[in-house]
Amino acid sequence: MPNSQTFYTIYILWLRQLKRYLRSRSRMVGSLGQPILFLVALGFGFGPVYAAAGGGNYIQFLAPGVIAMGILFTAVFSGIEIIWDRQFGFLKETLVAPVSRTSIMIGRTLGGATVALIQGVVVLIIASFIGFHPLLINIPAALLFMLGIAVIFTALGTGIASLLEDMQGFQLIMNFVVMPTFFLSGALFPLSGVLGKIALFNPLCYGIDGLRATLTGLGQLPLSTDALIVTAVSVALVGIGAWLFRRIEV
C-alpha cells in the first residue's frame, strides 16, 4: 500500500509543476492566444452562418470545444518537460531517489493536469465575457470533465516523452497526434456520417460532449457514457504512461 513517502513524492512533484507554471508569465499569457483567437475569429465569424443554418448560438456550441482545446494543448505538451529535465540532468537525480518511478510519474502527471485545468478555467472565464452563458449549477461537473481531459492527455504526453530524447521529435509526433484528435472530436463543428463514426473512437469526443452537456445542455451522448469512457481512458493511459516511465534509461 502507498506510504507517506509516496504521497509526499507525488505532492512535491505536483507542486513543482505548479510553481513552474505560475512563475512563467509568458507561458501563462502565450498559451491563451490560440483559444482566444478561435473564440473570437470562429465564434463571431461563423456565428451568423451557424444561426442561419438553424444551429442556434454558435458561441454556445463552440466555447466548450475551445475550453477543451486549451486543456488539450497545455496537457499534452507538458510531456516536453521530461525531455528538458533529461537533458539538464534533473530527471536522473529524480530517478535515483529512493522512491518508486510510478509515484514520480503520477506526481508529474497530476501537476501537468492541474496546470491544464487552470488553463481551461481561464478560457471558460474569458469565454463568458464574449457571450458564452454556461449553466452555473453544473460547473462542478464540468470541472470533473475538464480534469478528466487534462489527465488523459498529460499521461499521453508523459508516456510518449518517456520514449524520446529529442524535443523537436516530440513536438512533431505530438502535432501529428494532437491535431487529428482535436479536429475529429466535434469541438468546432458537429460531426456526422463517417466522421461521426470515427469520432466515437476518440476519447476527446466524449470529454467535449460531457463538457458541452454540463455547461450548455447540448450534449449528444448520455452523460453517464461520457463520464465512464473519460474515466476508463484516464486510468488506462495513466497505467500505460507509468509503465513507459518506469522503462526510462538516462
# chains A, B, ... in the order shown; residues from 1 in each chain; ligands from 1

$ closest_atom_pairs --of "range 7-113 of chain A" --to "range 188-192 of chain A" --cutoff "8 Å" --atoms "only C-alpha atoms" --output "Markdown table"
| residue | atom | partner | partner_atom | distance |
| --- | --- | --- | --- | --- |
| A:Phe61 | CA | A:Leu188 | CA | 7.9 |
| A:Leu62 | CA | A:Leu188 | CA | 5.7 |
| A:Gly65 | CA | A:Leu188 | CA | 6.2 |
| A:Val66 | CA | A:Leu188 | CA | 7.7 |

$ write_last_selection --atoms "C-alpha atoms" --output "compact mmCIF listing (two decimals), in the first residue's frame"
# COMPACT_ATOMS: atom_id res chain seq x y z
CA PHE A 61 -21.60 25.30 -29.15
CA LEU A 62 -18.02 26.44 -29.72
CA GLY A 65 -14.68 22.81 -27.54
CA VAL A 66 -12.27 25.73 -27.23

$ closest_atom_pairs --of "range 16-84 of chain A" --to "range 105-128 of chain A" --cutoff "7 Å" --atoms "only C-alpha atoms" --output "CSV"
residue,atom,partner,partner_atom,distance
A:Gln17,CA,A:Gly111,CA,5.0
A:Leu18,CA,A:Gly111,CA,6.0
A:Tyr21,CA,A:Val115,CA,6.9
A:Ala63,CA,A:Ala127,CA,6.5
A:Ile67,CA,A:Gly120,CA,5.2
A:Ala68,CA,A:Gly120,CA,6.8
A:Gly70,CA,A:Gly120,CA,5.7
A:Ile71,CA,A:Ala116,CA,4.7
A:Thr74,CA,A:Ala116,CA,5.2
A:Ala75,CA,A:Ala116,CA,5.2
A:Ser78,CA,A:Gly112,CA,5.9

$ write_last_selection --atoms "C-alpha atoms" --output "PDB file, in the first residue's frame"
ATOM      1  CA  GLN A  17       4.892  21.656 -11.904  1.00  0.00           C
ATOM      2  CA  LEU A  18       2.502  24.221 -10.477  1.00  0.00           C
ATOM      3  CA  TYR A  21       3.742  27.407 -14.424  1.00  0.00           C
ATOM      4  CA  ALA A  63     -16.929  27.523 -26.231  1.00  0.00           C
ATOM      5  CA  ILE A  67     -12.030  25.192 -23.474  1.00  0.00           C
ATOM      6  CA  ALA A  68     -11.101  21.572 -24.170  1.00  0.00           C
ATOM      7  CA  GLY A  70      -6.842  24.943 -24.159  1.00  0.00           C
ATOM      8  CA  ILE A  71      -6.649  21.959 -21.818  1.00  0.00           C
ATOM      9  CA  THR A  74      -1.360  22.525 -22.370  1.00  0.00           C
ATOM     10  CA  ALA A  75      -1.671  18.958 -21.086  1.00  0.00           C
ATOM     11  CA  SER A  78       3.678  19.185 -20.596  1.00  0.00           C
TER      12      SER A  78
END

$ residues_around --residues "Gly131 in chain A" --least-positions-apart "4" --cutoff "10 Å" --atoms "only C-alpha atoms" --output "PyMOL selection string"
chain A and resi 39+43-44+57-60+63+126-127

$ write_last_selection --atoms "N, CA and C atoms" --output "PDB file, in the first residue's frame"
ATOM      1  N   LEU A  39     -12.042  31.519 -30.324  1.00  0.00           N
ATOM      2  CA  LEU A  39     -13.314  32.024 -29.811  1.00  0.00           C
ATOM      3  C   LEU A  39     -13.787  33.246 -30.579  1.00  0.00           C
ATOM      4  N   GLY A  43     -16.037  32.213 -33.512  1.00  0.00           N
ATOM      5  CA  GLY A  43     -17.305  32.494 -32.853  1.00  0.00           C
ATOM      6  C   GLY A  43     -18.092  33.593 -33.539  1.00  0.00           C
ATOM      7  N   PHE A  44     -17.429  34.692 -33.835  1.00  0.00           N
ATOM      8  CA  PHE A  44     -18.114  35.807 -34.477  1.00  0.00           C
ATOM      9  C   PHE A  44     -18.112  35.685 -35.994  1.00  0.00           C
ATOM     10  N   ASN A  57     -27.077  29.496 -31.317  1.00  0.00           N
ATOM     11  CA  ASN A  57     -25.949  30.349 -30.930  1.00  0.00           C
ATOM     12  C   ASN A  57     -24.656  29.541 -31.042  1.00  0.00           C
ATOM     13  N   TYR A  58     -23.787  29.942 -31.992  1.00  0.00           N
ATOM     14  CA  TYR A  58     -22.555  29.184 -32.228  1.00  0.00           C
ATOM     15  C   TYR A  58     -21.581  29.291 -31.054  1.00  0.00           C
ATOM     16  N   ILE A  59     -21.577  30.439 -30.383  1.00  0.00           N
ATOM     17  CA  ILE A  59     -20.681  30.589 -29.227  1.00  0.00           C
ATOM     18  C   ILE A  59     -21.004  29.534 -28.169  1.00  0.00           C
ATOM     19  N   GLN A  60     -22.273  29.250 -27.974  1.00  0.00           N
ATOM     20  CA  GLN A  60     -22.672  28.234 -27.002  1.00  0.00           C
ATOM     21  C   GLN A  60     -22.151  26.854 -27.392  1.00  0.00           C
ATOM     22  N   ALA A  63     -17.710  27.252 -27.440  1.00  0.00           N
ATOM     23  CA  ALA A  63     -16.929  27.523 -26.231  1.00  0.00           C
ATOM     24  C   ALA A  63     -16.455  26.259 -25.510  1.00  0.00           C
ATOM     25  N   ILE A 126     -12.866  33.726 -19.764  1.00  0.00           N
ATOM     26  CA  ILE A 126     -12.770  34.635 -20.912  1.00  0.00           C
ATOM     27  C   ILE A 126     -13.969  34.459 -21.837  1.00  0.00           C
ATOM     28  N   ALA A 127     -14.357  33.201 -22.077  1.00  0.00           N
ATOM     29  CA  ALA A 127     -15.496  32.933 -22.957  1.00  0.00           C
ATOM     30  C   ALA A 127     -16.777  33.564 -22.424  1.00  0.00           C
TER      31      ALA A 127
END

$ residues_around --residues "Thr214 in chain A" --least-positions-apart "6" --cutoff "7 Å" --atoms "only C-alpha atoms" --output "JSON list (two decimals) with C-alpha atoms, in the first residue's frame"
[["chain", "number", "residue", "atom", "x", "y", "z"],
["A", 138, "ASN", "CA", -23.26, 22.41, -13.45],
["A", 141, "ALA", "CA", -19.50, 18.54, -13.01],
["A", 142, "ALA", "CA", -17.87, 20.45, -15.88]]

$ closest_residue --among "A:Ser185, A:Leu37, A:Val99, A:Trp243" --to "Leu156 in chain A" --atoms "only C-alpha atoms"
A:Trp243

$ residues_around --residues "range 175-182 of chain A" --least-positions-apart "5" --cutoff "10 Å" --atoms "only C-alpha atoms" --output "list in words"
Gly65, Val66, Ala68, Met69, Leu72, Phe73, Val76, Phe77, Phe153, Gly169, Phe170, Ala187, Leu188, Ala199, Phe201, Asn202, Pro203, Leu204, Cys205 and Ile208 of chain A

$ residues_around --residues "Ser234 in chain A" --least-positions-apart "6" --cutoff "8 Å" --atoms "only C-alpha atoms" --output "PyMOL selection string"
chain A and resi 148-149+151-152+155

$ atom_distance --atom1 "CA of Leu215 in chain A" --atom2 "CA of Ile36 in chain A"
18.3 Å

$ atom_distance --atom1 "CA of Val49 in chain A" --atom2 "CA of Phe183 in chain A"
19.5 Å
